[in-house]
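Undergrad: One structure, as structure tokens, below. Some questions next.
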Number of protein chains: 6
Amino acid sequence: MLHNLDIDNVILTALKEDMPLGDITTENLIDSDSVSPARLIAKENGVIAGLDVAERAFKLLDTDIEFKRMVQDGTLVKHGDIIAEIEGNTRCMLKAERTALNFLQRLSGIATQTRKYCELVKGMPVRIVDTRKTTPGLRFLEKYAVKVGGGSNHRFCLSDGVLIKDNHIKAAGGIKNAVELLRGRIPHTIKIEVETETLEQVKEALDVKADIIMLDNMKLDTIKEAVKLINGRALVEQSGNVSLDTVYEYAAAGVDIISVGKLTHSVSALDISMRFI
Amino acid sequence: MLHNLDIDNVILTALKEDMPLGDITTENLIDSDSVSPARLIAKENGVIAGLDVAERAFKLLDTDIEFKRMVQDGTLVKHGDIIAEIEGNTRCMLKAERTALNFLQRLSGIATQTRKYCELVKGMPVRIVDTRKTTPGLRFLEKYAVKVGGGSNHRFCLSDGVLIKDNHIKAAGGIKNAVELLRGRIPHTIKIEVETETLEQVKEALDVKADIIMLDNMKLDTIKEAVKLINGRALVEQSGNVSLDTVYEYAAAGVDIISVGKLTHSVSALDISMRFI
Amino acid sequence: MLHNLDIDNVILTALKEDMPLGDITTENLIDSDSVSPARLIAKENGVIAGLDVAERAFKLLDTDIEFKRMVQDGTLVKHGDIIAEIEGNTRCMLKAERTALNFLQRLSGIATQTRKYCELVKGMPVRIVDTRKTTPGLRFLEKYAVKVGGGSNHRFCLSDGVLIKDNHIKAAGGIKNAVELLRGRIPHTIKIEVETETLEQVKEALDVKADIIMLDNMKLDTIKEAVKLINGRALVEQSGNVSLDTVYEYAAAGVDIISVGKLTHSVSALDISMRFI
Amino acid sequence: MLHNLDIDNVILTALKEDMPLGDITTENLIDSDSVSPARLIAKENGVIAGLDVAERAFKLLDTDIEFKRMVQDGTLVKHGDIIAEIEGNTRCMLKAERTALNFLQRLSGIATQTRKYCELVKGMPVRIVDTRKTTPGLRFLEKYAVKVGGGSNHRFCLSDGVLIKDNHIKAAGGIKNAVELLRGRIPHTIKIEVETETLEQVKEALDVKADIIMLDNMKLDTIKEAVKLINGRALVEQSGNVSLDTVYEYAAAGVDIISVGKLTHSVSALDISMRFI
Amino acid sequence: MLHNLDIDNVILTALKEDMPLGDITTENLIDSDSVSPARLIAKENGVIAGLDVAERAFKLLDTDIEFKRMVQDGTLVKHGDIIAEIEGNTRCMLKAERTALNFLQRLSGIATQTRKYCELVKGMPVRIVDTRKTTPGLRFLEKYAVKVGGGSNHRFCLSDGVLIKDNHIKAAGGIKNAVELLRGRIPHTIKIEVETETLEQVKEALDVKADIIMLDNMKLDTIKEAVKLINGRALVEQSGNVSLDTVYEYAAAGVDIISVGKLTHSVSALDISMRFI
Amino acid sequence: MLHNLDIDNVILTALKEDMPLGDITTENLIDSDSVSPARLIAKENGVIAGLDVAERAFKLLDTDIEFKRMVQDGTLVKHGDIIAEIEGNTRCMLKAERTALNFLQRLSGIATQTRKYCELVKGMPVRIVDTRKTTPGLRFLEKYAVKVGGGSNHRFCLSDGVLIKDNHIKAAGGIKNAVELLRGRIPHTIKIEVETETLEQVKEALDVKADIIMLDNMKLDTIKEAVKLINGRALVEQSGNVSLDTVYEYAAAGVDIISVGKLTHSVSALDISMRFI
């Protein structure tokens, strides 16, 4: 459940973007006290995510609009399924329609895509996680949708997780130095992840007790060797080249975490429409 | 060229989203006065859009960062092409990297997709236009990217264009009433568009001199009849079911405008990476 | 009816401007649970506009304040008429009083002034429209008041309407070039207006099928010739030198639209006071 | 001199109001690197106020625009006088033009009106002061313009000055109680003003050593008696019914301060235009 | 009583600061519909201030949370006293807890400290007042807490009170010039205070009828002489070196006002905890 | 080094709080082009923190003000030491003075206090860390000051760290359940900390491999037993009752981390003044 404190700003921004000066068609044609019922209907199969956001888009225009959910976030709907029954002031419903749908369709698209990845590795001891390759301004919601689709979250941003990359390693003079320096400087509550490109680097990261070791764009065989080498002493994250075609192989290689940029950066909106009835 | 006044807010929001409390890896490992050169490189073929935004993301962190464009918005790049040479404070470059890329990749993805549609109807007297099915908060930028890709813009929002839909028609008691009411109430600078589902409605809209007639989800034959009927007395817009497979046929049917939700709601980010050199 | 989404920000800004740190007189003298009835009373004749704003100013301080309208926006009131009966928390009523009145008096002043112009051309096929010469920050409300007074709106801003002026014409190399360039670049939903100073320019604009032709500061005879020349092929807008003394003559010359900066840039507030009873 | 910290927000709001999505005429017709000179020219006689604001409107769009003042705030200009020479990016100049003028014309209108009042009481020991009847959101600027026109300021808002009105007096059980209660509760840095309607109330206010006594809508004879009665023991402020016709008589009656709502609530914009040369 | 208009922004900022992305512990462990009772309990003796703020912190997350006060702002509580009984949604109560306490503890700390100073001069004709040495962003609340503790407020900021310091005096060419210049330029509603370091300066300030004379870091004997010299013709404010050890002596010296930076710049939070029961 | 992106908002808020309407003393007495040199001087011994903030306060009013640091953040200064030499526009320097000092004094107070704690455990393998008991709105800066003083940071907020408290444990049905549930739901990058009150709970937390175990208000002997029991298998954090008197004993008991609310919630500002020279 999303709290209004976390979502109101982004919804209000979207409503204002679509109505900086009202809706000149609706305000000039629809009576201000007209009331209508409508339905949100799935036009294709997929996983619903973002009902709190869609509902709030309507409620921010008129708190009296009723929004009755027929499914929940996480439900797999089929073409033709009713997602919600809505009833209230016609003007406000028409004004909020597109904003509500733009959020709901995108988030459901992300949940649907995430679920496809998760289905392919079902039952395996691996997490499908997101990245920071999200839509500017919507990261919180997109990461929420990943969880609705069955995935897990990586760090939220540059402030709440450590990922030591190539440049950091060079600047610090090696993985060992980088990890030790950081360990002394960051809060004790944060884990340290190191990006590695070779088995040599994996060993270095292991030696200095990195909490998480990312295998960056490694070949499948190397990944398997790395997993064997690490042997449970750190979490192993596979990153790069992950697609629906390859995700199973990476999981089978024994990594703990597979991060997938496509979960959020290349998504088809789930087709959903609002029908007045 | 995008003006900072129009883009700074959305970029700052994105930078803050990725760094609410700084970048704990970079700030603890990279010297505050370190300077590095880097390159933005295309990892697949596509149309670049959003260089003003990407550059500004870096400049908002450090106005001294140099950002030298090797291509322009609208350039078709190939895998491996250098998009820009960047040089400046290493910390700031690492901090802005993901935000700059998130914008650039999404906008370039939209431009690339738009160009595919435009290529298919090249030389034909038809416009490929966007819709209001855009990412909440990014509509201005996404509509810009559509133009970079060769497309045109539809109305920006509910405030600056009229589109009379089914519900408006019902509420007003028919297309004639709706158009006449609106014509008396809206600014004389705004055109009136009517959404029609049958030839009967097309005739009604013509009779009352609608400026634009949208053919909503009509079959190809009906579209052709509608075009013949309208015969230049109004702009004709085809809407619904448009894909790369169908766009040519719709254009060949003689409509003036084809609106495509997919230009913005279902986009693959163009793969672009930043390499320190 | 104005939606809170459209007006809350500007009202809150005004309340904060008048009470950055509370009302030190009222908070130190009036009991926090004191309740009082009061009335808004017209102190001169005029057209009321902005009751939604005035009511909201009180409600934003205390949602329980009752605001009972005795007239509606658009009502012509006389000196002494009761505009609204208000009752609620005394502190909040005293705090909101000036802000509510500042809005209501200015908007009613605009509606009253607009009505004077409209009365003078009553029954004639002409619109009295506003301009962009509005108070910074209040354009939306001021344009609303113009409509309440019987006028119509011109474009809202530089983003939602095209007006090709002298400099644009020069830069594009003539009216023909300017209109054609623009037609290819702007959304198909927006009309093109051209500002003309001579009959020669009127002809050029007609030839290139401008949607609206503005006659800028022309003499009455020239205006009549222009109207004859245009002959219904474009909307004709008269601009410049319009006052209560001249508006009838311009209308009689046959133009479709008369734009009047004075509707918003030089307005006397309608005298309205709040009386505790 | 106005500090950017105090004016940037309100100017940016105005620029955004006029260009939520850019200037579609200018951006599509004027080259992005075009440079033009222009002039601000007075179209009628009056006092200039607000040059800092006008200049900043241009500079916020392009810091490189040159703005050379030919007069200063407070200068009395004549029809035809050049107010400023401006030169810079043509696009930005066209975009900022209306916003800059809307501020400059309104503030100059206020300064001009204020000066008329001040001229009528020139040499007399009296201040012409403004009220809280200002345009929502622009009070700081409007009070600045009053000073430019030769007037003085009253309290800025409900937080920084005390004015005990009828309702406060009733709630506190008389003027004496009200003043004494307040004196104990407000900062020692703030004066206490009491609104009086009768000589009896004036006496009460005097007895309790009010710092300022407002004579509210009193007749001229009563005012004279009040002034005699007070005899320098408090500042005397005349309020109500002040116009250009009556201001001299009130001043001659010996009051210290005359507050005039019309200085800000009923103002004609000073006619100023920008000419490209 | 604090109005939400005055406090919501600062509370929302604090809630967002503590939960930019929700509470990952609570949201993952506590049921969304769980309800709990809790108590705010004093862990040491002191004066409570800020209950409106604490209550609002909870209500901004869930308006249905009940917050029953067992004491009021200004109450002197003892270790173990129950301050409030709270009941409502468990998640929201856990999320708001720290923010509510951070405000309540700091404001109560200020009230407690202020009371100590006031107790020491009880019955004497002197005010203990605050300064501008407050926590950035919290001045309004901190000055409120000073009043709750029995103190009074000095000017709120640089805009609503005049204090002529050394540099101003030098720039104006002496106290006389400074006061006279200012008197002509500031609103008639504002008193003029002059900072003095010698008896000579005190005399100058008296001569020019300063409303308030600040004795800055003077020795006790000099203060006594100054008080005698001023003899009620201006308010006398002692500033500098005031502590619990010295406040009585300064008061006994006959000054009207003693300003104490420590009231707000060096405060121990009052220990208060929330207990679920 | 603090980035402007992270501190500008809070500084601007503070400047506006102190000057909502300018500085009426300074603007009316000091010439707008006057330039002055000044010094920041320590009035007592302590650790400086916040020079970036102080400098920025001046620069936000006038970028041309020179701010030359004589010490750095972290420097231990003595009474009389010059902290910075400043020179620039006199008006802007006077306007920014108090805001700059309010930040610098508070942050230096925190750094100074933190250093005292750190000195007492110098050389011991233990971290002194802060808590969430910070000033609303200033947490980022206050946690920065803790680091400057030699301390370390705990989690920043409820979003970036897990701390399972009593209520969470109850709701989840025990420590084991709580940790396991959370481990499956939170990002793999975040450590899990459990608050324990008994050795029994310590064992439970150990069994389920909590990353960090907090000993909440335990007696010294129990702490020692807990440390022995944990034996390096988790980080051990001591919380509660920590003061300058007790910190050494806790450290000697072998815990890894000691969290101290007093570092930020009960701080004396370091006395620093600005002197014009």
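FYI, nothing fancy with the structure tokens labels: chains A, B, ... in order, residues from 1 per chain, ligands from 1 as they appear.
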Would you mind listing, for every residue of chain B within 10 Å of chain F, the two atoms forming the shortest contact and the distance between them in Å to one decimal, using only C-alpha atoms, sorted by chain and ascending residue number, as JSON lines?
TA:
{"residue": "B:Leu12", "atom": "CA", "partner": "F:Leu5", "partner_atom": "CA", "distance": 8.6}
{"residue": "B:Leu15", "atom": "CA", "partner": "F:Leu5", "partner_atom": "CA", "distance": 8.8}
{"residue": "B:Lys16", "atom": "CA", "partner": "F:Leu5", "partner_atom": "CA", "distance": 8.0}
{"residue": "B:Met19", "atom": "CA", "partner": "F:Asp6", "partner_atom": "CA", "distance": 8.7}
{"residue": "B:Pro20", "atom": "CA", "partner": "F:Asp6", "partner_atom": "CA", "distance": 7.6}
{"residue": "B:Leu21", "atom": "CA", "partner": "F:Phe140", "partner_atom": "CA", "distance": 7.0}
{"residue": "B:Gly22", "atom": "CA", "partner": "F:Asp6", "partner_atom": "CA", "distance": 7.3}
{"residue": "B:Glu27", "atom": "CA", "partner": "F:Met1", "partner_atom": "CA", "distance": 8.5}
{"residue": "B:Ser32", "atom": "CA", "partner": "F:Met1", "partner_atom": "CA", "distance": 7.5}
{"residue": "B:Leu60", "atom": "CA", "partner": "F:Leu5", "partner_atom": "CA", "distance": 8.4}
{"residue": "B:Leu61", "atom": "CA", "partner": "F:Leu5", "partner_atom": "CA", "distance": 7.2}
{"residue": "B:Asp62", "atom": "CA", "partner": "F:His3", "partner_atom": "CA", "distance": 9.6}
{"residue": "B:Cys92", "atom": "CA", "partner": "F:His3", "partner_atom": "CA", "distance": 9.4}
Undergrad: Mind checking DSSP for range 6-239 of chain A and telling me the alpha helix (DSSP H) residues as a PyMOL selection string?
TA: chain A and resi 6-18+24-29+51-61+90-120+139-148+166-172+175-185+199-207+220-230
Undergrad: Which residues come within 9 Å of Thr222 in chain C, counting only C-alpha atoms, excluding same-chain residues fewer than 5 positions away, as a list of chain:residue names?
TA: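 Here the answer would be C:Thr198, C:Leu199, C:Val227.
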Undergrad: Please run DSSP on the backbone and report, as a ChimeraX atom specification, all residues within range 53-261 of chain D that come out as strand (DSSP E or B).
TA: /D:66-69,76-77,82-89,127-129,152,162-164,190,192-196,212-216,235-239,257-259
Undergrad: Given the selection you just returned, output its residues as a file containing N, CA, C and O atoms, formatted as a short mmCIF file (atom, residue, chain, number, x, y, z; two decimals), in the first residue's frame.
TA:
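Just written: out-v5.cif:
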data_model
loop_
_atom_site.label_atom_id
_atom_site.label_comp_id
_atom_site.auth_asym_id
_atom_site.auth_seq_id
_atom_site.Cartn_x
_atom_site.Cartn_y
_atom_site.Cartn_z
N GLU D 66 21.76 42.68 -22.62
CA GLU D 66 22.16 43.95 -22.03
C GLU D 66 20.93 44.82 -21.81
O GLU D 66 20.07 44.92 -22.69
N PHE D 67 20.87 45.43 -20.67
CA PHE D 67 19.72 46.26 -20.34
C PHE D 67 20.27 47.58 -19.80
O PHE D 67 20.73 47.65 -18.67
N LYS D 68 20.25 48.58 -20.65
CA LYS D 68 20.85 49.86 -20.28
C LYS D 68 19.75 50.87 -19.95
O LYS D 68 18.93 51.22 -20.79
N ARG D 69 19.74 51.29 -18.70
CA ARG D 69 18.69 52.20 -18.26
C ARG D 69 18.96 53.63 -18.70
O ARG D 69 20.03 54.16 -18.45
N LEU D 76 10.35 60.92 -13.70
CA LEU D 76 9.10 61.29 -14.35
C LEU D 76 9.37 61.34 -15.85
O LEU D 76 10.14 62.18 -16.32
N VAL D 77 8.81 60.41 -16.58
CA VAL D 77 9.06 60.38 -18.03
C VAL D 77 7.89 61.00 -18.79
O VAL D 77 6.80 61.14 -18.26
N ILE D 82 12.71 57.44 -24.03
CA ILE D 82 13.27 56.08 -24.00
C ILE D 82 13.59 55.71 -22.56
O ILE D 82 14.28 56.45 -21.86
N ILE D 83 13.06 54.59 -22.14
CA ILE D 83 13.26 54.15 -20.76
C ILE D 83 14.50 53.27 -20.63
O ILE D 83 15.26 53.38 -19.69
N ALA D 84 14.68 52.40 -21.62
CA ALA D 84 15.85 51.52 -21.59
C ALA D 84 16.19 51.07 -23.00
O ALA D 84 15.31 50.96 -23.86
N GLU D 85 17.48 50.83 -23.19
CA GLU D 85 17.97 50.24 -24.44
C GLU D 85 18.32 48.79 -24.11
O GLU D 85 19.10 48.53 -23.19
N ILE D 86 17.79 47.88 -24.87
CA ILE D 86 18.01 46.46 -24.57
C ILE D 86 18.62 45.80 -25.80
O ILE D 86 18.26 46.14 -26.93
N GLU D 87 19.51 44.87 -25.58
CA GLU D 87 20.03 44.14 -26.74
C GLU D 87 20.43 42.74 -26.32
O GLU D 87 21.08 42.54 -25.30
N GLY D 88 20.02 41.78 -27.15
CA GLY D 88 20.39 40.40 -26.83
C GLY D 88 19.67 39.42 -27.72
O GLY D 88 19.11 39.81 -28.76
N ASN D 89 19.70 38.19 -27.31
CA ASN D 89 19.07 37.10 -28.06
C ASN D 89 17.61 37.42 -28.38
O ASN D 89 16.80 37.65 -27.48
N ARG D 127 2.15 62.04 5.63
CA ARG D 127 2.58 60.94 4.78
C ARG D 127 1.37 60.36 4.04
O ARG D 127 0.34 60.13 4.67
N ILE D 128 1.54 60.09 2.77
CA ILE D 128 0.57 59.31 2.02
C ILE D 128 1.03 57.85 2.11
O ILE D 128 2.15 57.54 1.70
N VAL D 129 0.21 56.99 2.67
CA VAL D 129 0.65 55.60 2.82
C VAL D 129 -0.32 54.64 2.15
O VAL D 129 -1.48 54.95 1.90
N SER D 152 4.67 56.51 1.45
CA SER D 152 5.30 55.71 2.49
C SER D 152 4.50 54.43 2.66
O SER D 152 3.39 54.31 2.15
N VAL D 162 0.26 46.01 14.37
CA VAL D 162 -0.98 45.78 15.11
C VAL D 162 -1.98 46.86 14.71
O VAL D 162 -1.65 48.04 14.67
N LEU D 163 -3.16 46.43 14.36
CA LEU D 163 -4.25 47.37 14.14
C LEU D 163 -5.49 46.81 14.83
O LEU D 163 -6.02 45.78 14.41
N ILE D 164 -5.87 47.47 15.89
CA ILE D 164 -7.01 46.99 16.68
C ILE D 164 -8.28 47.56 16.09
O ILE D 164 -8.48 48.78 16.09
N ILE D 190 7.05 46.58 18.34
CA ILE D 190 5.92 46.90 17.46
C ILE D 190 5.00 47.92 18.10
O ILE D 190 4.66 47.82 19.28
N ILE D 192 1.39 50.04 18.54
CA ILE D 192 -0.02 49.65 18.60
C ILE D 192 -0.87 50.75 18.00
O ILE D 192 -0.80 51.90 18.41
N GLU D 193 -1.67 50.36 17.00
CA GLU D 193 -2.58 51.30 16.37
C GLU D 193 -4.01 50.90 16.69
O GLU D 193 -4.35 49.71 16.70
N VAL D 194 -4.83 51.90 16.95
CA VAL D 194 -6.23 51.63 17.27
C VAL D 194 -7.12 52.35 16.26
O VAL D 194 -6.91 53.51 15.95
N GLU D 195 -8.09 51.61 15.76
CA GLU D 195 -9.06 52.20 14.83
C GLU D 195 -10.21 52.81 15.64
O GLU D 195 -10.79 52.12 16.49
N THR D 196 -10.50 54.09 15.40
CA THR D 196 -11.56 54.74 16.16
C THR D 196 -12.61 55.34 15.23
O THR D 196 -12.29 55.74 14.11
N ILE D 212 -0.54 54.87 17.71
CA ILE D 212 -1.13 55.45 16.50
C ILE D 212 -2.65 55.36 16.64
O ILE D 212 -3.17 54.33 17.09
N ILE D 213 -3.32 56.42 16.26
CA ILE D 213 -4.78 56.40 16.31
C ILE D 213 -5.32 56.62 14.91
O ILE D 213 -5.01 57.62 14.26
N MET D 214 -6.08 55.63 14.44
CA MET D 214 -6.68 55.77 13.12
C MET D 214 -8.08 56.36 13.26
O MET D 214 -8.88 55.89 14.07
N LEU D 215 -8.35 57.37 12.46
CA LEU D 215 -9.68 57.97 12.41
C LEU D 215 -10.38 57.37 11.20
O LEU D 215 -10.02 57.64 10.06
N ASP D 216 -11.36 56.53 11.47
CA ASP D 216 -11.94 55.75 10.39
C ASP D 216 -13.21 56.37 9.85
O ASP D 216 -14.24 56.40 10.52
N LEU D 235 0.48 59.33 16.88
CA LEU D 235 0.38 59.60 15.45
C LEU D 235 -1.08 59.48 15.06
O LEU D 235 -1.81 58.61 15.57
N VAL D 236 -1.53 60.34 14.14
CA VAL D 236 -2.93 60.31 13.71
C VAL D 236 -3.00 59.88 12.25
O VAL D 236 -2.36 60.47 11.39
N GLU D 237 -3.80 58.84 12.00
CA GLU D 237 -3.95 58.35 10.63
C GLU D 237 -5.38 58.51 10.16
O GLU D 237 -6.31 58.03 10.80
N GLN D 238 -5.55 59.15 9.02
CA GLN D 238 -6.87 59.30 8.41
C GLN D 238 -7.06 58.15 7.43
O GLN D 238 -6.18 57.86 6.63
N SER D 239 -8.23 57.52 7.51
CA SER D 239 -8.49 56.39 6.62
C SER D 239 -9.93 56.44 6.11
O SER D 239 -10.85 56.72 6.86
N ILE D 257 -0.83 61.00 8.89
CA ILE D 257 -0.76 59.91 7.91
C ILE D 257 -2.12 59.82 7.22
O ILE D 257 -3.16 59.88 7.87
N ILE D 258 -2.08 59.68 5.90
CA ILE D 258 -3.32 59.43 5.15
C ILE D 258 -3.14 58.14 4.37
O ILE D 258 -2.24 58.04 3.54
N SER D 259 -3.99 57.14 4.67
CA SER D 259 -3.85 55.87 3.96
C SER D 259 -4.85 55.80 2.81
O SER D 259 -6.01 56.17 2.97
#
Undergrad: Could you name the residues that touch Asp271 in chain D at 7 Å or less, counting only C-alpha atoms, but leaving out those on the same chain fewer than 3 positions away, as an mmCIF file with N, CA, C and O atoms, in the first residue's frame?
TA:
data_model
loop_
_atom_site.group_PDB
_atom_site.id
_atom_site.type_symbol
_atom_site.label_atom_id
_atom_site.label_comp_id
_atom_site.auth_asym_id
_atom_site.auth_seq_id
_atom_site.Cartn_x
_atom_site.Cartn_y
_atom_site.Cartn_z
ATOM 1 N N ALA D 42 8.178 55.099 -23.316
ATOM 2 C CA ALA D 42 6.967 55.545 -22.625
ATOM 3 C C ALA D 42 5.955 56.038 -23.643
ATOM 4 O O ALA D 42 6.299 56.819 -24.530
ATOM 5 N N LYS D 43 4.725 55.606 -23.512
ATOM 6 C CA LYS D 43 3.665 56.050 -24.422
ATOM 7 C C LYS D 43 2.757 57.073 -23.755
ATOM 8 O O LYS D 43 1.763 57.493 -24.327
ATOM 9 N N GLU D 44 3.060 57.396 -22.513
ATOM 10 C CA GLU D 44 2.346 58.476 -21.827
ATOM 11 C C GLU D 44 3.232 58.963 -20.687
ATOM 12 O O GLU D 44 4.236 58.344 -20.364
ATOM 13 N N GLN D 105 4.651 48.175 -16.239
ATOM 14 C CA GLN D 105 3.504 49.058 -16.454
ATOM 15 C C GLN D 105 2.656 49.185 -15.186
ATOM 16 O O GLN D 105 2.197 50.264 -14.843
#
Undergrad: Between CA of Val121 in chain D and CA of Ala252 in chain D, what is the distance in Å, rounded to a tenth?
TA: 8.4 Å
Undergrad: Can you work out which one of D:Glu142, D:Asp18, D:Glu249, D:Glu197 has the shortest atom-to-atom distance to Lys165 in chain D, counting only C-alpha atoms?
TA: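 Among the listed residues, the smallest separation from Lys165 in chain D belongs to D:Glu197.
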Undergrad: Which residues are near Lys170 in chain B? Cut-off 12 Å, only C-alpha atoms, ignore same chain within fewer than 4 positions. Put them as a count of residues only.
TA: 16
Undergrad: Taking only C-alpha atoms into account, which of F:Ala38, F:Gly184, F:Lys122, F:Thr135 comes nearest Gly150 in chain A?
TA: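 Of all the options, F:Gly184 lies closest to Gly150 in chain A.
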Undergrad: Can you work out the spacing between CA of Thr112 in chain E and CA of Val47 in chain E in Å, to one decimal?
TA: 4.7 Å
Undergrad: Please determine, counting only C-alpha atoms, which residue among C:Asn217, C:Gln113, C:Thr264, C:Ser108 has the shortest atom-to-atom distance to Val242 in chain C.
TA: C:Asn217
Undergrad: Quick one: pull the distance between CA of Gly149 in chain B and CA of Gly173 in chain C, Å, one decimal.
TA: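 Interatomic distance here is 27.0 Å.
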Undergrad: Can you pull out every residue within 8 Å of Val148 in chain B, counting only C-alpha atoms, but drop anything in the same chain fewer than 4 positions away, and send it as number ranges by chain?
TA: B: 49, 73-74, 111, 144
